[in-house]
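Novice: Structure incoming, see below.
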Amino acid sequence: MHKSKSVLLLSSFSAAEMKSFGDFVRSPYFNKNTRVVSLFDELRKDYPGFTSKSITKERLYNKLFKGKPYNDQVIKNLNTELFKLEREFLAHDMLERESFEKTLMLITNLTTRDAGQLFDKETLAVELLARDNPGAVKELHLLLYRMEEERFTNAIINNRQAEATVHILKAGEYLVHYFLKHLLRLSINNRINEFSFNISSDVNLLDNVIRNLDMNKVLAYMETNNIEHSIHIKLLYYAMLCNLNVNDNSAYISFKELLFSSKEKLTKTEFQHLLHLLESIIAQKINSGKLEFYNDLHETYDYELKNDMYKPSKQAPMTVMKYRNIYLSALKAGKFDWAERFIHDYRDELQKKDRQSIEELSMAQLNFEKRNFGETLKHLQKVRTSQIFYKIDVKMLSLMALYELSHFETAIAAIESFKKLLANNKTLTEQYREKNRNFLSLMGYLIKGRIDNFQGSKDELLKKIEETPVTANRKWLIRKTEELK
């Protein structure tokens with residue numbers, strides 16, 4: 001029984017859910033089999049671990065049917081019924097939390113009943129409540145579309161065909177809004193995923209549909225006719241253009257200006273989602289070599305922190321990637337004091353298992369910027385991580401600190417180890433891999449120039465850096481090269 005589906009699902013229940021499920025399984029409306037209730041009562045004694053030897057099928061059968069010979073099929077059937085009730089309970093529990101979805105089901109039921117006045121009252125009440133509390137609805141326009149579909153059906157059933165046209169047009173408007181919003185979001189997410197993990201596909205219906213849409217005409221029509229919430233579609237369209245062409249600064253400026261000027265027209269959730277899109281757009285620009293955008297990225301993170309928009313909820317932990325990106329952007333923008341305050345003030349928002357290593361790495365990076373290279377290496381030795389980006393951070397920082405301390409032989413060995421890491425990890429994008437490979441190549445020349453102490457090495461390396469625009473830590477390489485005698 002330990003590996004049965006019913007026990008596996010019960011083990012995921014919280015204590016409160018176990019109590020509620022006990023009430024659920026005893027309700028004659030949902031369950032009339034008292035043996036299933038008895039089976040649940042026996043199983044719950046071993047909650048939450050379900051590791052006791054007493055929950056074998058044979059022992060449970062003996063508890064439920066004392067003195068009767070064991071029947072494997074009977075216990076299997078009871079277990080199947082219990083699992084079915086668990087699934088129904090979870091669906092019912094979710095429905096109780098989704099008040100709009102529950103009310104919409106009521107309206108669907110009222111549609112075909114002879115209760116016209118009640119139908120109209122309920123639909124109007126739900127629509128007004130949804131519009132007044134858009135943040136409480138997962139998908140406002142999908143809800144409104146479904147409402148108009150029910151109104152259309154109700155009008156036809158009750159021989160009010162003249163009203164049907166209005167409901168058809170409104171349903172179409174809401175559906176188009178929902179379709180465009182999600183089409184653009186999916187395109188943006190797909191582009192980010194391709195960029196981040198070096199993934200592409202020969203068959204892409206999503207992009208094909210978007211390419212064949214004249215979005216400029218659609219947006220112009222929506223604005224001319226005051227179609228509600230068209231500003232959200234426009235913002236997503238600009239964000240998509242930014243993702244399609246990282247060098248298109250006009251799309252970036254249009255998106256950023258429109259986003260902040262339209263804040264009051266968006267729900268907090270919508271604004272927060274679009275703000276995070278702004279992050280990814282700026283990050284793509286930086287990864288393509290436009291280092292001047294570190295200031296923009298730092299300002300965006302600073303805005304998120306000041307306005308409590310850096311996490312999906314107050315209870316959620318901060319992700320290690322978010323923490324890393326925030327302090328690194330501050331360091332790259334030259335905001336050292338700001339970065340140090342952030343490292344200490346927000347470390348406790350990380351999950352406990354990540355805190356020590358991430359704090360050690362962040363302090364190593366901060367000490368490096370302060371030219372405390374010995375301290376940098378001490379902090380790096382305490383970092384334990386399986387995350388590829390953190391491994392790269394550790395190797396990159398170690399290599400630069402070794403150079404600063406004139407440990408050239410160790411640095412040369414570190415370059416070879418770094419090259420193997422880049423070659424063996426297939427999840428890295430080619431662009432990200434290339435900028436790190438370029439850094440290692442230029443680093444090799446830099447070490448050679450430092451050892452040779454020859455003026456020609458300096459001139460040759462500066463030329464190589466100039467000819468290699470995409471490289472990690474470009475400014476540091478130039479600065480170190482110019483220091484060569």
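FYI, nothing fancy with the structure tokens labels: chains A, B, ... in order, residues from 1 per chain, ligands from 1 as they appear.
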Need to verify the contact set: A:Leu104, 12 Å, only C-alpha atoms, exclusion of same-chain residues closer than 5 positions in sequence. Can you return it as a list of chain:residue names?
Specialist: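 So the residues in contact are A:Leu95, A:Glu98, A:Ser99, A:Asn109, A:Leu110, A:Thr111, A:Phe119, A:Glu122, A:Thr123, A:Leu124, A:Ala125, A:Val126, A:Glu127, A:Ala130, A:Leu142, A:Leu143, A:Leu144, A:Tyr145, A:Arg146, A:Met147, A:Glu148, A:Glu149, A:Glu150, A:Arg151.
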Novice: Restrict the calculation to only C-alpha atoms, then for each residue of stretch 251-313 of chain A with any atom at most 9 Å from an atom of stretch 422-435 of chain A give the closest atom pair and their distance in Å to one decimal, rows by chain and rising residue number, as JSON lines.
Specialist:
{"residue": "A:Asn287", "atom": "CA", "partner": "A:Tyr432", "partner_atom": "CA", "distance": 7.1}
{"residue": "A:Ser288", "atom": "CA", "partner": "A:Gln431", "partner_atom": "CA", "distance": 7.6}
{"residue": "A:Gly289", "atom": "CA", "partner": "A:Lys435", "partner_atom": "CA", "distance": 8.7}
Novice: Keeping only N, CA and C atoms, take the residues you just selected and write them out as a short mmCIF file (atom, residue, chain, number, x, y, z; two decimals), in the first residue's frame.
Specialist:
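Wrote part10.cif, looks like this:
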data_model
loop_
_atom_site.label_atom_id
_atom_site.label_comp_id
_atom_site.auth_asym_id
_atom_site.auth_seq_id
_atom_site.Cartn_x
_atom_site.Cartn_y
_atom_site.Cartn_z
N ASN A 287 24.00 40.82 -22.70
CA ASN A 287 24.65 39.58 -23.16
C ASN A 287 25.13 39.66 -24.60
N SER A 288 24.56 40.59 -25.35
CA SER A 288 25.01 40.77 -26.74
C SER A 288 26.16 41.77 -26.84
N GLY A 289 26.64 42.26 -25.68
CA GLY A 289 27.80 43.14 -25.67
C GLY A 289 27.52 44.59 -25.36
#
Novice: As a ChimeraX atom specification, please: all residues of stretch 199-385 of chain A that backbone DSSP puts in helix (DSSP H, G or I).
Specialist: /A:205-211,215-224,230-244,249-261,263-265,268-287,291-306,320-332,336-349,352-369,373-380
Novice: Name the closest residue to A:Thr112 among the candidates A:Leu129, A:Leu43, A:Ser187, A:Ala155; distances are taken between atoms, counting only C-alpha atoms.
Specialist: A:Ala155
Novice: Can you pull out every residue within 12 Å of stretch 291-296 of chain A, counting only C-alpha atoms, but drop anything in the same chain fewer than 6 positions away, and send it as an MDAnalysis selection string?
Specialist: chainID A and resid 246:247 249 252:253 256 278:285 302:303 325:335 469:475
